[in-house]
$ cat start-v1.cif   # mmCIF, C-alpha atoms
data_model
loop_
_atom_site.label_atom_id
_atom_site.label_comp_id
_atom_site.auth_asym_id
_atom_site.auth_seq_id
_atom_site.Cartn_x
_atom_site.Cartn_y
_atom_site.Cartn_z
CA MET A 1149 -21.91 20.68 8.96
CA MET A 1150 -19.07 20.80 6.43
CA ASN A 1151 -17.26 23.61 8.29
CA LYS A 1152 -17.47 21.60 11.48
CA MET A 1153 -16.23 18.49 9.67
CA LYS A 1154 -13.25 20.35 8.15
CA TRP A 1155 -12.35 21.77 11.54
CA MET A 1156 -12.39 18.31 13.10
CA LEU A 1157 -10.35 16.84 10.25
CA ALA A 1158 -7.76 19.57 10.74
CA LEU A 1159 -7.50 18.64 14.40
CA THR A 1160 -6.74 15.03 13.55
CA SER A 1161 -3.55 16.08 11.80
CA CYS A 1162 -2.25 17.29 15.15
CA ALA A 1163 -0.62 14.97 17.66
CA VAL A 1164 -3.88 14.40 19.52
CA LEU A 1165 -3.30 10.69 19.89
CA LEU A 1166 0.40 10.79 20.73
CA THR A 1167 -0.41 9.71 24.25
CA GLN A 1168 -1.60 6.38 22.85
CA SER A 1169 1.94 5.55 21.76
CA ALA A 1170 2.98 5.43 25.40
CA PHE A 1171 0.85 2.39 26.11
CA ALA A 1172 -0.53 -0.59 24.27
CA LEU A 1173 -3.38 -0.01 21.85
CA ASP A 1174 -6.31 -2.05 23.11
CA ILE A 1175 -7.31 -3.80 19.88
CA LYS A 1176 -10.54 -5.77 20.13
CA THR A 1177 -11.20 -8.45 17.53
CA TRP A 1178 -14.19 -10.56 16.56
CA LYS A 1179 -16.09 -11.77 13.52
CA THR A 1180 -19.44 -10.55 12.27
CA SER A 1181 -22.30 -12.98 11.88
CA ASN A 1182 -21.47 -13.43 8.19
CA GLY A 1183 -17.73 -13.96 8.73
CA VAL A 1184 -16.01 -10.56 8.40
CA GLU A 1185 -12.95 -10.21 10.65
CA VAL A 1186 -13.15 -6.99 12.71
CA LEU A 1187 -10.43 -4.98 14.48
CA PHE A 1188 -11.50 -2.09 16.70
CA VAL A 1189 -9.77 0.55 18.83
CA GLU A 1190 -11.91 2.78 21.04
CA SER A 1191 -10.86 6.42 21.39
CA HIS A 1192 -12.95 9.33 22.58
CA ASP A 1193 -10.33 12.04 22.07
CA LEU A 1194 -12.27 13.32 19.07
CA PRO A 1195 -15.91 12.87 17.99
CA MET A 1196 -14.73 11.00 14.89
CA ILE A 1197 -15.19 7.51 13.46
CA ASP A 1198 -12.90 5.97 10.82
CA VAL A 1199 -13.80 2.82 8.92
CA ARG A 1200 -11.85 0.73 6.43
CA LEU A 1201 -13.28 -2.39 4.78
CA ALA A 1202 -10.49 -4.27 2.97
CA PHE A 1203 -10.73 -7.20 0.56
CA LYS A 1204 -8.14 -9.51 -0.96
CA ALA A 1205 -9.16 -8.08 -4.31
CA GLY A 1206 -6.19 -6.16 -5.65
CA SER A 1207 -4.55 -6.54 -9.05
CA SER A 1208 -2.85 -9.79 -7.94
CA ARG A 1209 -6.33 -11.36 -8.38
CA ASP A 1210 -6.87 -10.00 -11.91
CA GLY A 1211 -5.85 -13.28 -13.54
CA GLU A 1212 -5.30 -12.57 -17.24
CA LEU A 1213 -7.83 -9.74 -17.25
CA TYR A 1214 -5.39 -7.05 -16.10
CA GLY A 1215 -7.07 -3.94 -14.72
CA VAL A 1216 -10.39 -5.52 -13.74
CA SER A 1217 -9.76 -4.98 -10.01
CA ARG A 1218 -9.14 -1.29 -10.51
CA LEU A 1219 -12.21 -0.83 -12.68
CA VAL A 1220 -14.37 -2.64 -10.12
CA SER A 1221 -13.07 -0.38 -7.35
CA ALA A 1222 -13.66 2.78 -9.40
CA LEU A 1223 -17.24 1.76 -10.20
CA LEU A 1224 -18.34 1.06 -6.62
CA VAL A 1225 -19.58 4.64 -6.26
CA GLU A 1226 -21.32 4.78 -9.65
CA GLY A 1227 -24.58 3.30 -8.46
CA THR A 1228 -26.12 0.60 -6.23
CA GLY A 1229 -29.47 0.01 -7.88
CA ASP A 1230 -31.48 2.14 -5.47
CA TYR A 1231 -28.97 5.00 -5.59
CA SER A 1232 -27.32 6.76 -8.52
CA SER A 1233 -23.77 8.10 -8.35
CA GLU A 1234 -25.21 11.56 -7.68
CA ASP A 1235 -27.36 10.19 -4.85
CA ILE A 1236 -24.34 8.52 -3.28
CA ALA A 1237 -22.20 11.65 -3.43
CA GLU A 1238 -24.97 13.91 -2.13
CA ASN A 1239 -25.87 11.64 0.79
CA PHE A 1240 -22.31 11.47 2.08
CA GLU A 1241 -21.68 15.16 1.42
CA SER A 1242 -24.87 16.21 3.23
CA VAL A 1243 -23.59 14.86 6.55
CA GLY A 1244 -19.93 15.77 6.02
CA ALA A 1245 -18.83 12.14 5.65
CA GLU A 1246 -15.88 11.21 3.43
CA LEU A 1247 -16.06 8.05 1.32
CA GLY A 1248 -12.87 6.58 -0.14
CA HIS A 1249 -12.06 3.57 -2.32
CA ASP A 1250 -9.02 2.20 -4.11
CA SER A 1251 -7.36 -0.95 -5.43
CA LEU A 1252 -3.68 -1.82 -4.92
CA ARG A 1253 -1.67 -4.94 -5.79
CA ASP A 1254 -2.88 -7.00 -2.82
CA MET A 1255 -5.76 -5.04 -1.38
CA ALA A 1256 -8.91 -3.25 -2.44
CA PHE A 1257 -10.69 -1.15 0.17
CA VAL A 1258 -13.61 1.13 0.90
CA SER A 1259 -13.17 3.71 3.65
CA LEU A 1260 -15.37 6.12 5.59
CA ARG A 1261 -14.68 9.12 7.85
CA SER A 1262 -17.43 10.84 9.74
CA LEU A 1263 -18.23 12.75 12.88
CA SER A 1264 -19.60 10.39 15.51
CA ASP A 1265 -22.42 12.83 16.35
CA THR A 1266 -23.77 12.77 12.79
CA GLN A 1267 -27.54 12.52 13.15
CA PRO A 1268 -28.35 10.23 10.18
CA TRP A 1269 -25.34 7.96 10.96
CA GLU A 1270 -27.41 4.81 10.39
CA LYS A 1271 -28.27 6.00 6.89
CA VAL A 1272 -24.59 6.68 6.17
CA ILE A 1273 -23.69 3.18 7.35
CA ASP A 1274 -26.40 1.58 5.22
CA LEU A 1275 -25.24 3.45 2.12
CA PHE A 1276 -21.61 2.46 2.80
CA ALA A 1277 -22.75 -1.18 3.06
CA ARG A 1278 -24.62 -0.91 -0.24
CA VAL A 1279 -21.70 0.72 -2.06
CA SER A 1280 -19.37 -2.08 -0.92
CA ALA A 1281 -21.66 -5.02 -1.56
CA LEU A 1282 -24.30 -4.01 -4.11
CA PRO A 1283 -22.75 -1.99 -6.97
CA SER A 1284 -24.84 -1.99 -10.15
CA PHE A 1285 -22.01 -1.35 -12.66
CA PRO A 1286 -24.06 0.82 -15.07
CA GLN A 1287 -22.82 0.52 -18.64
CA ASP A 1288 -22.45 4.28 -19.19
CA ALA A 1289 -20.22 4.53 -16.11
CA ILE A 1290 -18.18 1.54 -17.28
CA GLU A 1291 -17.44 3.23 -20.59
CA ARG A 1292 -16.67 6.56 -18.94
CA ASP A 1293 -14.22 5.06 -16.43
CA ARG A 1294 -12.73 2.76 -19.06
CA LYS A 1295 -12.00 5.76 -21.29
CA SER A 1296 -10.36 7.60 -18.40
CA MET A 1297 -8.17 4.59 -17.57
CA LEU A 1298 -7.15 4.11 -21.19
CA ILE A 1299 -6.03 7.73 -21.30
CA SER A 1300 -4.08 7.14 -18.09
CA LEU A 1301 -2.41 4.08 -19.63
CA ALA A 1302 -1.45 6.08 -22.72
CA ASN A 1303 0.06 8.78 -20.50
CA ARG A 1304 2.11 6.22 -18.57
CA LYS A 1305 3.95 5.36 -21.78
CA LYS A 1306 5.03 9.02 -22.05
CA GLU A 1307 6.28 9.29 -18.45
CA ILE A 1308 9.79 7.97 -17.93
CA SER A 1309 9.21 7.10 -14.26
CA SER A 1310 6.12 5.05 -15.14
CA VAL A 1311 7.92 3.30 -18.02
CA ALA A 1312 10.77 2.40 -15.65
CA GLU A 1313 8.42 1.13 -12.94
CA ASP A 1314 6.24 -0.90 -15.30
CA THR A 1315 9.26 -2.45 -17.03
CA PHE A 1316 10.83 -3.28 -13.68
CA TYR A 1317 7.77 -5.14 -12.38
CA LYS A 1318 7.18 -6.99 -15.66
CA ASN A 1319 10.72 -8.35 -15.59
CA LEU A 1320 10.98 -8.88 -11.84
CA TYR A 1321 7.72 -10.87 -11.76
CA LYS A 1322 7.70 -12.43 -15.22
CA ASN A 1323 5.46 -15.38 -14.37
CA HIS A 1324 3.78 -13.98 -11.32
CA ALA A 1325 0.59 -12.10 -10.43
CA TYR A 1326 2.54 -8.95 -9.54
CA LYS A 1327 3.96 -8.44 -13.04
CA ILE A 1328 1.15 -6.09 -14.15
CA GLY A 1329 0.01 -3.40 -11.74
CA ARG A 1330 -3.47 -2.09 -11.09
CA ALA A 1331 -3.44 0.07 -14.24
CA GLY A 1332 -3.78 -3.05 -16.39
CA THR A 1333 -3.02 -3.03 -20.12
CA THR A 1334 -4.68 -1.32 -23.04
CA LYS A 1335 -5.75 -4.65 -24.56
CA THR A 1336 -7.32 -6.08 -21.42
CA MET A 1337 -8.91 -2.80 -20.34
CA GLN A 1338 -10.68 -2.64 -23.70
CA ALA A 1339 -11.87 -6.23 -23.33
CA ILE A 1340 -13.43 -6.05 -19.83
CA THR A 1341 -17.20 -6.48 -19.86
CA GLN A 1342 -19.93 -5.76 -17.34
CA LYS A 1343 -20.17 -9.50 -16.76
CA ASP A 1344 -16.45 -9.65 -15.92
CA LEU A 1345 -16.86 -6.85 -13.38
CA LYS A 1346 -19.82 -8.48 -11.70
CA GLN A 1347 -18.02 -11.83 -11.60
CA PHE A 1348 -14.91 -10.33 -9.99
CA HIS A 1349 -16.96 -8.46 -7.43
CA SER A 1350 -19.12 -11.45 -6.51
CA GLN A 1351 -16.02 -13.62 -6.03
CA TYR A 1352 -13.82 -11.27 -4.02
CA TYR A 1353 -16.03 -8.67 -2.34
CA VAL A 1354 -17.42 -11.17 0.16
CA ALA A 1355 -17.46 -11.49 3.93
CA ASN A 1356 -14.97 -14.33 4.28
CA ASN A 1357 -12.50 -12.38 2.14
CA ALA A 1358 -12.85 -9.13 4.11
CA THR A 1359 -11.33 -7.32 7.08
CA LEU A 1360 -13.16 -4.44 8.75
CA SER A 1361 -11.22 -1.90 10.83
CA LEU A 1362 -12.92 0.62 13.11
CA MET A 1363 -11.30 3.43 15.06
CA GLY A 1364 -12.74 6.23 17.12
CA ASP A 1365 -15.56 7.54 19.26
CA LEU A 1366 -17.48 4.30 19.78
CA THR A 1367 -18.06 1.92 22.64
CA LEU A 1368 -17.39 -1.76 22.04
CA GLU A 1369 -21.11 -2.45 22.09
CA LYS A 1370 -21.77 0.20 19.44
CA ALA A 1371 -18.80 -0.98 17.36
CA LYS A 1372 -20.20 -4.51 17.25
CA PHE A 1373 -23.60 -3.21 16.22
CA TYR A 1374 -22.15 -0.96 13.50
CA ALA A 1375 -19.85 -3.73 12.23
CA GLU A 1376 -22.92 -5.83 11.51
CA GLN A 1377 -24.61 -2.93 9.73
CA LEU A 1378 -21.55 -2.00 7.67
CA THR A 1379 -21.21 -5.54 6.29
CA LYS A 1380 -24.80 -6.78 6.29
CA TYR A 1381 -25.18 -6.97 2.49
CA LEU A 1382 -21.99 -8.99 1.91
CA LYS A 1383 -22.47 -12.59 0.90
CA ALA A 1384 -20.43 -15.11 2.90
CA GLY A 1385 -18.36 -16.30 -0.07
CA GLN A 1386 -14.88 -17.81 0.11
CA LYS A 1387 -11.52 -16.43 1.16
CA ALA A 1388 -9.23 -15.81 -1.82
CA LYS A 1389 -6.44 -18.30 -2.38
CA PRO A 1390 -2.99 -17.04 -1.29
CA VAL A 1391 -0.86 -15.28 -3.88
CA ALA A 1392 1.79 -17.71 -5.12
CA ALA A 1393 5.36 -17.30 -3.90
CA ALA A 1394 7.56 -15.11 -6.08
CA LYS A 1395 11.03 -16.45 -6.84
CA MET A 1396 14.27 -14.68 -7.66
CA ALA A 1397 15.71 -15.12 -11.12
CA ASP A 1398 18.58 -17.62 -11.29
CA GLN A 1399 20.82 -14.90 -12.63
CA GLY A 1400 20.72 -11.15 -12.99
CA GLU A 1401 19.50 -9.35 -16.08
CA THR A 1402 19.75 -5.80 -17.43
CA ILE A 1403 16.88 -4.45 -19.52
CA LYS A 1404 17.50 -1.24 -21.49
CA VAL A 1405 14.63 0.90 -22.75
CA PRO A 1406 15.37 3.82 -25.11
CA PHE A 1407 13.64 7.03 -24.01
CA LYS A 1408 14.39 10.57 -25.14
CA THR A 1409 15.29 12.45 -21.99
CA SER A 1410 18.18 14.28 -20.35
CA GLN A 1411 18.01 12.08 -17.24
CA THR A 1412 18.30 8.30 -17.38
CA HIS A 1413 16.34 6.32 -14.77
CA ILE A 1414 17.83 3.20 -13.18
CA ILE A 1415 15.79 0.76 -11.08
CA GLN A 1416 17.15 -2.52 -9.80
CA GLY A 1417 15.97 -5.07 -7.29
CA LEU A 1418 14.80 -8.50 -6.24
CA PRO A 1419 11.63 -10.10 -4.86
CA VAL A 1420 12.61 -10.51 -1.21
CA MET A 1421 10.12 -10.14 1.61
CA ARG A 1422 6.54 -10.92 2.62
CA ARG A 1423 4.52 -9.17 5.31
CA GLY A 1424 5.22 -10.77 8.66
CA ASP A 1425 8.68 -11.96 7.58
CA ALA A 1426 11.02 -12.84 10.47
CA ASP A 1427 13.78 -10.73 8.89
CA TYR A 1428 11.59 -7.64 8.59
CA TYR A 1429 13.12 -5.58 11.40
CA ALA A 1430 16.74 -6.33 10.47
CA LEU A 1431 16.10 -5.55 6.80
CA TYR A 1432 14.07 -2.45 7.66
CA LEU A 1433 16.75 -0.99 9.91
CA GLY A 1434 19.52 -1.95 7.50
CA ASN A 1435 17.78 -0.32 4.59
CA HIS A 1436 17.15 2.82 6.63
CA ILE A 1437 20.93 3.12 6.84
CA LEU A 1438 21.59 2.14 3.24
CA GLY A 1439 19.04 4.19 1.33
CA GLY A 1440 15.82 4.68 3.25
CA SER A 1441 16.50 7.69 5.44
CA GLY A 1442 16.74 10.53 2.96
CA PHE A 1443 19.79 12.76 3.22
CA SER A 1444 21.35 10.77 6.06
CA SER A 1445 21.46 7.50 4.09
CA ARG A 1446 24.67 6.11 2.66
CA LEU A 1447 23.39 6.24 -0.90
CA MET A 1448 22.36 9.87 -0.67
CA GLN A 1449 25.56 10.96 1.06
CA GLU A 1450 27.90 9.28 -1.39
CA ILE A 1451 26.05 9.34 -4.72
CA ARG A 1452 24.46 12.78 -4.41
CA GLU A 1453 26.41 14.78 -1.85
CA ASN A 1454 29.94 13.52 -2.46
CA ARG A 1455 29.83 12.59 -6.17
CA GLY A 1456 27.01 14.74 -7.55
CA LEU A 1457 25.81 11.86 -9.72
CA SER A 1458 22.12 12.04 -8.87
CA TYR A 1459 19.60 14.42 -7.36
CA SER A 1460 17.52 11.57 -5.96
CA VAL A 1461 18.69 8.09 -4.94
CA TYR A 1462 16.99 5.69 -2.56
CA SER A 1463 16.26 2.10 -1.65
CA TYR A 1464 13.39 0.35 0.11
CA PHE A 1465 11.75 -2.96 0.90
CA LEU A 1466 8.06 -3.30 0.03
CA PRO A 1467 6.72 -6.40 1.82
CA MET A 1468 3.50 -7.74 0.32
CA GLU A 1469 1.38 -10.88 0.50
CA SER A 1470 3.98 -12.62 -1.65
CA ASN A 1471 7.64 -11.61 -1.81
CA GLY A 1472 7.61 -7.88 -2.42
CA PRO A 1473 10.60 -6.12 -3.95
CA PHE A 1474 13.79 -4.75 -2.53
CA GLN A 1475 14.33 -1.81 -4.83
CA MET A 1476 17.14 0.68 -5.47
CA ALA A 1477 16.68 3.61 -7.84
CA LEU A 1478 18.27 6.81 -9.06
CA GLN A 1479 18.13 9.30 -11.89
CA THR A 1480 21.32 10.59 -13.45
CA LYS A 1481 22.56 12.53 -16.48
CA ASN A 1482 22.96 10.37 -19.55
CA HIS A 1483 26.75 10.61 -19.67
CA GLN A 1484 26.99 9.48 -16.00
CA VAL A 1485 24.95 6.29 -16.27
CA ALA A 1486 27.87 3.85 -16.19
CA GLU A 1487 29.55 5.58 -13.25
CA ALA A 1488 26.34 5.95 -11.23
CA SER A 1489 25.20 2.38 -11.88
CA GLN A 1490 28.58 0.94 -10.94
CA LEU A 1491 28.70 2.95 -7.72
CA LEU A 1492 25.14 1.93 -6.82
CA ASN A 1493 26.08 -1.73 -7.17
CA GLN A 1494 29.36 -1.34 -5.33
CA MET A 1495 27.70 0.34 -2.37
CA LEU A 1496 25.18 -2.50 -2.09
CA THR A 1497 27.92 -5.12 -2.28
CA ASP A 1498 29.99 -3.31 0.35
CA PHE A 1499 27.02 -2.96 2.68
CA ILE A 1500 26.22 -6.66 2.45
CA LYS A 1501 29.85 -7.60 3.04
CA GLU A 1502 30.72 -5.14 5.80
CA GLY A 1503 27.38 -4.28 7.40
CA PRO A 1504 26.61 -0.97 9.13
CA THR A 1505 28.74 0.85 11.67
CA ALA A 1506 27.75 1.22 15.33
CA ALA A 1507 27.25 4.95 14.79
CA GLU A 1508 24.91 4.34 11.85
CA ILE A 1509 22.85 1.87 13.84
CA ASP A 1510 22.56 4.20 16.81
CA HIS A 1511 21.55 7.15 14.63
CA SER A 1512 18.97 5.14 12.67
CA LYS A 1513 17.43 3.58 15.77
CA LYS A 1514 16.95 7.02 17.30
CA ASN A 1515 15.51 8.35 14.05
CA ILE A 1516 13.05 5.46 13.57
CA THR A 1517 11.84 5.18 17.16
CA GLY A 1518 11.75 8.94 17.64
CA SER A 1519 9.55 9.51 14.60
CA PHE A 1520 7.32 6.49 15.18
CA PRO A 1521 4.65 8.37 17.19
CA LEU A 1522 3.95 10.45 14.08
CA LYS A 1523 2.89 7.26 12.31
CA ILE A 1524 -0.03 6.83 14.71
CA ASP A 1525 -0.92 10.42 15.56
CA SER A 1526 -4.43 10.34 14.13
CA ASN A 1527 -7.46 8.08 13.93
CA LYS A 1528 -7.03 7.81 10.18
CA LYS A 1529 -3.45 6.53 10.44
CA ILE A 1530 -4.34 4.04 13.16
CA VAL A 1531 -7.28 2.60 11.23
CA GLU A 1532 -4.98 2.11 8.23
CA TYR A 1533 -2.56 0.20 10.44
CA LEU A 1534 -5.42 -1.85 11.88
CA SER A 1535 -6.39 -2.75 8.33
CA LEU A 1536 -2.79 -3.73 7.57
CA ILE A 1537 -2.63 -5.91 10.70
CA GLY A 1538 -5.87 -7.68 9.90
CA PHE A 1539 -5.30 -8.02 6.17
CA TYR A 1540 -1.82 -9.53 6.49
CA ASP A 1541 -2.54 -11.43 9.71
CA LEU A 1542 0.14 -9.57 11.67
CA PRO A 1543 0.39 -9.82 15.48
CA LEU A 1544 -2.02 -7.55 17.35
CA ASP A 1545 0.93 -5.99 19.18
CA TYR A 1546 2.59 -5.05 15.87
CA LEU A 1547 2.45 -1.31 16.62
CA ASP A 1548 3.17 -1.59 20.33
CA SER A 1549 6.23 -3.79 19.85
CA PHE A 1550 7.65 -2.06 16.77
CA ASN A 1551 10.16 0.18 18.54
CA GLU A 1552 11.22 -2.59 20.91
CA LYS A 1553 12.00 -4.91 18.01
CA ILE A 1554 13.89 -2.22 16.11
CA LEU A 1555 16.01 -1.49 19.20
CA ALA A 1556 16.83 -5.20 19.55
CA VAL A 1557 18.40 -5.45 16.07
CA THR A 1558 22.21 -5.77 16.02
CA ALA A 1559 24.80 -5.08 13.34
CA GLU A 1560 25.26 -8.82 12.95
CA ASP A 1561 21.50 -9.30 12.47
CA ILE A 1562 21.55 -6.77 9.61
CA LYS A 1563 24.64 -8.20 7.97
CA GLU A 1564 23.35 -11.77 8.21
CA ALA A 1565 19.86 -10.91 6.90
CA PHE A 1566 21.18 -8.89 3.94
CA SER A 1567 23.73 -11.59 3.08
CA ARG A 1568 21.06 -14.26 3.08
CA ARG A 1569 18.24 -12.36 1.38
CA VAL A 1570 19.80 -9.82 -1.03
CA LYS A 1571 21.81 -11.31 -3.91
CA PRO A 1572 23.59 -8.68 -6.07
CA ASP A 1573 24.37 -11.16 -8.85
CA GLN A 1574 20.63 -11.88 -9.25
CA LEU A 1575 19.47 -8.27 -9.52
CA ILE A 1576 16.97 -7.34 -12.21
CA ARG A 1577 18.12 -3.97 -13.54
CA VAL A 1578 16.12 -1.59 -15.72
CA ILE A 1579 17.77 1.39 -17.44
CA VAL A 1580 15.44 3.83 -19.21
CA GLY A 1581 16.81 6.80 -21.14
CA GLU A 1582 18.83 7.96 -24.12
CA ALA A 1583 21.90 6.23 -22.72
CA SER A 1584 20.12 2.94 -23.34
#
$ encode --input "start-v1.cif" --output "structure tokens"
Amino acid sequence: MMNKMKWMLALTSCAVLLTQSAFALDIKTWKTSNGVEVLFVESHDLPMIDVRLAFKAGSSRDGELYGVSRLVSALLVEGTGDYSSEDIAENFESVGAELGHDSLRDMAFVSLRSLSDTQPWEKVIDLFARVSALPSFPQDAIERDRKSMLISLANRKKEISSVAEDTFYKNLYKNHAYKIGRAGTTKTMQAITQKDLKQFHSQYYVANNATLSLMGDLTLEKAKFYAEQLTKYLKAGQKAKPVAAAKMADQGETIKVPFKTSQTHIIQGLPVMRRGDADYYALYLGNHILGGSGFSSRLMQEIRENRGLSYSVYSYFLPMESNGPFQMALQTKNHQVAEASQLLNQMLTDFIKEGPTAAEIDHSKKNITGSFPLKIDSNKKIVEYLSLIGFYDLPLDYLDSFNEKILAVTAEDIKEAFSRRVKPDQLIRVIVGEAS
């Protein structure tokens, strides 16, 4: 069974579903009897089924107990009352099914991949439903996972990239739920109790706070039946309150963190964009030109290729439930920090003022639209996009209309959106290294 499963998984990495990019994905939506929103795409190209059950239960819902969402997610597979962690692993392994789970800033999810011709499929579904809804949070597993996460936290303080990232978010989102990531803090991770874990799970892992995405070798009738089975143990509950809006600082700030290293890390940015933002396509295309397209980007060409100031330099927008960051970053030798930082800022200012050239727009549009089919060339990728669409309440034609909307963006759209949304004098800048 496992050899067959591995062979089928290898096939999904090929462009088997590229033909789907030529026409609209037929996304069916409905709600289960207990209130879970479902998105489903039928595809019989492969005998595979992909499932993702997402909850508004990421670290933005931790409150003051930073890290509780991550610990809850980690402990889902450590027992369900009737099944031990060994039972759970063996049952999925025996039929070649893959179980996944994770917690991010906005979202926590449980995922499943399996062959559609798996004989005990109903048993797999029932166990998935139990893992999601009925974790037992055994105390020995809590202590084991807590210890592992505390070690991870200690290691983050020794890694310059993690120090830079953590410092950046803490200062960018000073009074906001995004300020501490899923790793939590040493103090709060030590304080989390079994009661806290059960309380978090019972509040957020509920039907009205969930989105179920299904993709693969199922009929609509079967998908509706399986959706009920996959979510049958979830209590109705309440949808989580929206994450509060994140605001830009009134003025920019530079935070310097001493760190013994030969390469200083610089991160700077602003909270700018939510998922579904009207400016998304203009900002996305503009950033592709500025710093989001690897070696062809302006930042890489000037700062690395022409000046030799950095091996890696990039920028990106990360839209989230609240205003996610626009971020620029590079690493440079300690004696080049001032020059590299000044050039980074100047290139941003120039881009906002002048906008992109016609040649840059044409090249980036071809690059983005030409590579787009690779984003949806497997069941797994499509189910992740379905989850994104449902979780953030994006239009059902989000994937089908993506290229069309990118192609419609003009130079003036980019210039206007960047001028209105990206404020260089309000940048939060973090510099980590000996030069600090």
$ atom_distance --input "start-v1.cif" --atom1 "atom CA of A:Leu1418" --atom2 "atom CA of A:Lys1513"
25.2 Å
$ closest_atom_pairs --input "start-v1.cif" --of "stretch 1382-1406 of chain A" --to "stretch 1420-1428 of chain A" --cutoff "10 Å" --atoms "all atoms listed in the file" --output "Markdown table"
| residue | atom | partner | partner_atom | distance |
| --- | --- | --- | --- | --- |
| A:Ala1393 | CA | A:Arg1422 | CA | 9.2 |
| A:Ala1394 | CA | A:Val1420 | CA | 8.4 |
| A:Lys1395 | CA | A:Val1420 | CA | 8.3 |
| A:Met1396 | CA | A:Val1420 | CA | 7.9 |
$ resolve_selection --input "start-v1.cif" --expression "the PyMOL selection byres ((chain A and resi 1290) around 9)" --output "ChimeraX atom specification"
/A:1219,1223,1226,1285-1289,1291-1295,1341-1342
$ closest_residue --input "start-v1.cif" --among "A:Glu1564, A:Asp1510, A:Asp1193, A:Glu1582" --to "A:Gly1364" --atoms "all atoms listed in the file"
A:Asp1193
$ closest_residue --input "start-v1.cif" --among "A:Ser1221, A:Ser1444, A:Ser1300, A:Thr1558" --to "A:Ala1205" --atoms "all atoms listed in the file"
A:Ser1221
$ closest_atom_pairs --input "start-v1.cif" --of "stretch 1314-1400 of chain A" --to "stretch 1181-1191 of chain A" --cutoff "7 Å" --atoms "only C-alpha atoms" --output "Markdown table"
| residue | atom | partner | partner_atom | distance |
| --- | --- | --- | --- | --- |
| A:Ala1355 | CA | A:Val1184 | CA | 4.8 |
| A:Asn1356 | CA | A:Gly1183 | CA | 5.2 |
| A:Ala1358 | CA | A:Val1184 | CA | 5.5 |
| A:Thr1359 | CA | A:Glu1185 | CA | 4.9 |
| A:Leu1360 | CA | A:Val1186 | CA | 4.7 |
| A:Ser1361 | CA | A:Leu1187 | CA | 4.8 |
| A:Leu1362 | CA | A:Phe1188 | CA | 4.7 |
| A:Met1363 | CA | A:Val1189 | CA | 5.0 |
| A:Gly1364 | CA | A:Ser1191 | CA | 4.7 |
| A:Asp1365 | CA | A:Ser1191 | CA | 5.3 |
| A:Leu1366 | CA | A:Glu1190 | CA | 5.9 |
| A:Thr1367 | CA | A:Glu1190 | CA | 6.4 |
| A:Ala1384 | CA | A:Asn1182 | CA | 5.6 |
$ write_last_selection --input "start-v1.cif" --atoms "C-alpha atoms" --output "mmCIF file, in the frame of the given file"
data_model
loop_
_atom_site.group_PDB
_atom_site.id
_atom_site.type_symbol
_atom_site.label_atom_id
_atom_site.label_comp_id
_atom_site.auth_asym_id
_atom_site.auth_seq_id
_atom_site.Cartn_x
_atom_site.Cartn_y
_atom_site.Cartn_z
ATOM 1 C CA ALA A 1355 -17.460 -11.490 3.930
ATOM 2 C CA ASN A 1356 -14.970 -14.330 4.280
ATOM 3 C CA ALA A 1358 -12.850 -9.130 4.110
ATOM 4 C CA THR A 1359 -11.330 -7.320 7.080
ATOM 5 C CA LEU A 1360 -13.160 -4.440 8.750
ATOM 6 C CA SER A 1361 -11.220 -1.900 10.830
ATOM 7 C CA LEU A 1362 -12.920 0.620 13.110
ATOM 8 C CA MET A 1363 -11.300 3.430 15.060
ATOM 9 C CA GLY A 1364 -12.740 6.230 17.120
ATOM 10 C CA ASP A 1365 -15.560 7.540 19.260
ATOM 11 C CA LEU A 1366 -17.480 4.300 19.780
ATOM 12 C CA THR A 1367 -18.060 1.920 22.640
ATOM 13 C CA ALA A 1384 -20.430 -15.110 2.900
#
$ closest_residue --input "start-v1.cif" --among "A:Leu1260, A:Val1485, A:Leu1492, A:Val1220" --to "A:Leu1447" --atoms "only C-alpha atoms"
A:Leu1492
$ residues_near_point --input "start-v1.cif" --point "(-6.8, -1.8, -23.4)" --cutoff "10 Å" --atoms "only C-alpha atoms" --output "ChimeraX atom specification"
/A:1214-1215,1294-1295,1297-1299,1301-1302,1331-1340
$ closest_residue --input "start-v1.cif" --among "A:Ser1217, A:Asn1515, A:Gln1475, A:Asn1527" --to "A:Gln1347" --atoms "all atoms listed in the file"
A:Ser1217
$ resolve_selection --input "start-v1.cif" --expression "the PyMOL selection byres ((chain A and resi 1533) around 12)" --output "ChimeraX atom specification"
/A:1173,1175,1187-1189,1198-1200,1202,1360-1363,1523-1532,1534-1548
$ residues_around --input "start-v1.cif" --residues "A:Ile1509" --least-positions-apart "2" --cutoff "12 Å" --atoms "all atoms listed in the file" --output "PyMOL selection string"
chain A and resi 1430+1432-1438+1444-1445+1503-1507+1511-1517+1554-1563
$ residues_near_point --input "start-v1.cif" --point "(0.8, -7.2, -0.5)" --cutoff "8 Å" --atoms "all atoms listed in the file" --output "PyMOL selection string"
chain A and resi 1253-1255+1422-1423+1467-1470+1472+1540
